[in-house]
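K.L.:
Take this structure, written in structure tokens, and hold onto it; I'll ask about it next.
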Amino acid sequence: MSASESSGSVVRRILLGAQLRRLRESRGITREAAGYSIRASESKISRMELGRVSFKARDVEDLLTLYGVNDPQEREALLVLAREANVAGWWHSYGDVLPGWFQTYVGLEGAASLIRAYEVQFVHGLLQTQEYAHAVVHRGMPGASAAEIDRRVALRLERQKLLLAERPPEFHCVLDEAALRRPYGDREVMRGQLRHLIELSERPNVRLQVMPFSFGGHAGESGAFTTLGFPEPGLPDVVYLEQLTSALYLDKRDEVAQYARVMDRLQEDSPNPAETRDLIRGLLQLT
């Protein structure tokens, strides 16, 4: 199975969840009542509608009956969507080192047509070299075994393949200058990482900018975040906020719009990609 096929299952799950939510709301049925009809809790209905869990055919059938969807063709189309949504993604083979809350992100990342990210602490995972990624994982998990660290690095490198795909997403990234000055690994690791950034920034689907210290305070005061946009009509943009032991996924239009405005300002206030390459070259000479 290709990465695009497995990522597509995440999109189908979200699309099905959104359709079920619209059907429920159009009938004025509460999540609690919907949960009761499938012998489940209100929170499970919420997770289903957000595309966070897999779908059982029986549950979908019972919900469609509750929502008054009696047309055989309409029911079958949604049941096919449910079956396709349950196809496991390539990242499930990394389940031993991949938290459940991050599996959702990997799937969304692989399905996105536009990824916009702001990073502060370190270089974004899609832009890391193998050596730099190893240093980041080792620093973040001092008690991990060498085998576990290698697995996490392999997962990160597998994610990066989407930038080199035949039809890659647009990737816009703003790195705070701190991410380039904070050393992970030795001098050669950092030099290799800086050279890698210059190389990747010249790809047509990558727009890399650095927010310099000299600018002072800027719009990214709330910290790192990622926004994901999708080609499928009706699928809302998502904001991903990573925490220490979990993550937030925001899809409310007003919240997403606020983060989009912050990203717009970060891009407007940062040196353009060509100037950013010059800035990185200057740091390379100092490293």
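In the structure tokens, chains take the letters A, B, ... in the order shown, each chain's residues start at 1, and ligands count up from 1 in the order shown.
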List every residue of segment 137-176 of chain A that DSSP, applied to the backbone of this structure, places in strand (DSSP E), and write the result as an mmCIF file with C-alpha atoms, in the first residue's frame.

P.N.:
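What landed in selection.cif:
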```cif
data_model
loop_
_atom_site.group_PDB
_atom_site.id
_atom_site.type_symbol
_atom_site.label_atom_id
_atom_site.label_comp_id
_atom_site.auth_asym_id
_atom_site.auth_seq_id
_atom_site.Cartn_x
_atom_site.Cartn_y
_atom_site.Cartn_z
ATOM 1 C CA GLU A 170 3.098 22.616 -0.721
ATOM 2 C CA PHE A 171 5.176 23.007 2.434
ATOM 3 C CA HIS A 172 5.594 26.472 3.932
ATOM 4 C CA CYS A 173 7.768 26.592 7.024
ATOM 5 C CA VAL A 174 8.940 29.448 9.210
ATOM 6 C CA LEU A 175 11.749 28.551 11.596
ATOM 7 C CA ASP A 176 12.659 30.810 14.476
#
```

K.L.:
Residues at most 8 Å from Ser54 of chain A, counting only C-alpha atoms, excluding those fewer than 5 positions away in the same chain, as a list in words?

P.N.:
Arg13, Met48, Ala85 and Asn86 of chain A

K.L.:
So that I can check the surroundings of segment 196-204 of chain A, please list as a list in words every protein, DNA and RNA residue that reaches within 8 Å of it, counting only C-alpha atoms and ignoring chain neighbours fewer than 4 positions away.

P.N.:
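My list of contacting residues is Leu127, Gln128, Thr129, Gly192, Leu208, Pro273, Arg277, Ile280 and Arg281 of chain A.
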
K.L.:
Extract, using only C-alpha atoms, all DNA, RNA and protein residues at most 10 Å from Asp150 of chain A, discarding same-chain residues fewer than 6 positions from it, and format them as a count of residues only.

P.N.:
7

K.L.:
Could you tell me how far atom CA of Ala257 of chain A lies from atom CA of Leu81 of chain A, in Å and to one decimal?

P.N.:
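Taking atom CA of Ala257 of chain A and atom CA of Leu81 of chain A, their separation equals 28.8 Å.
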
K.L.:
Residues near Leu108 of chain A, anyone? I mean within 12 Å using only C-alpha atoms, not counting same-chain ones fewer than 6 positions away, as an MDAnalysis selection string.

P.N.:
chainID A and resid 3:14 51:52 89 91 101:102 114:115 159 162 169 226:231 235:240 249

K.L.:
What is the atom CA of Glu131 of chain A to atom CA of Val153 of chain A distance in Å?

P.N.:
8.9 Å

K.L.:
Could you write out, as a PyMOL selection string, all the residues of segment 118-209 of chain A that DSSP marks as helix (DSSP H, G or I)?

P.N.:
chain A and resi 125-127+130-140+146-164+177-181+187-200

K.L.:
May I ask which of the residues A:Met190, A:Leu248, A:Leu63, A:Glu25 is the closest one to Arg39 of chain A, counting only C-alpha atoms?

P.N.:
A:Leu63

K.L.:
Counting only C-alpha atoms, what is within 9 Å of Phe122 of chain A, bar same-chain residues fewer than 6 positions away, as a list of chain:residue names?

P.N.:
A:Val136, A:Leu175, A:Asp176, A:Ala178, A:Ala179, A:Leu180, A:Arg181, A:Arg182, A:Pro183, A:Tyr184

K.L.:
Looking at only C-alpha atoms, which of A:Ala219, A:Ala274, A:Val106, A:Ala165 is the one that sits closest to Gly125 of chain A?

P.N.:
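Comparing A:Ala219, A:Ala274, A:Val106, A:Ala165 against Gly125 of chain A, the winner is A:Val106.
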
K.L.:
Of the candidates A:Leu279, A:Leu50, A:Leu66, A:Ala88, which shows the shortest atom-to-atom distance to Tyr36 of chain A, using only C-alpha atoms?

P.N.:
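Ranked by minimum distance to Tyr36 of chain A, first place goes to A:Leu66.
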
K.L.:
For Leu164 of chain A, which residue among A:Met141, A:Val206, A:Val189, A:Leu283 is the nearest when counting only C-alpha atoms?

P.N.:
A:Val206
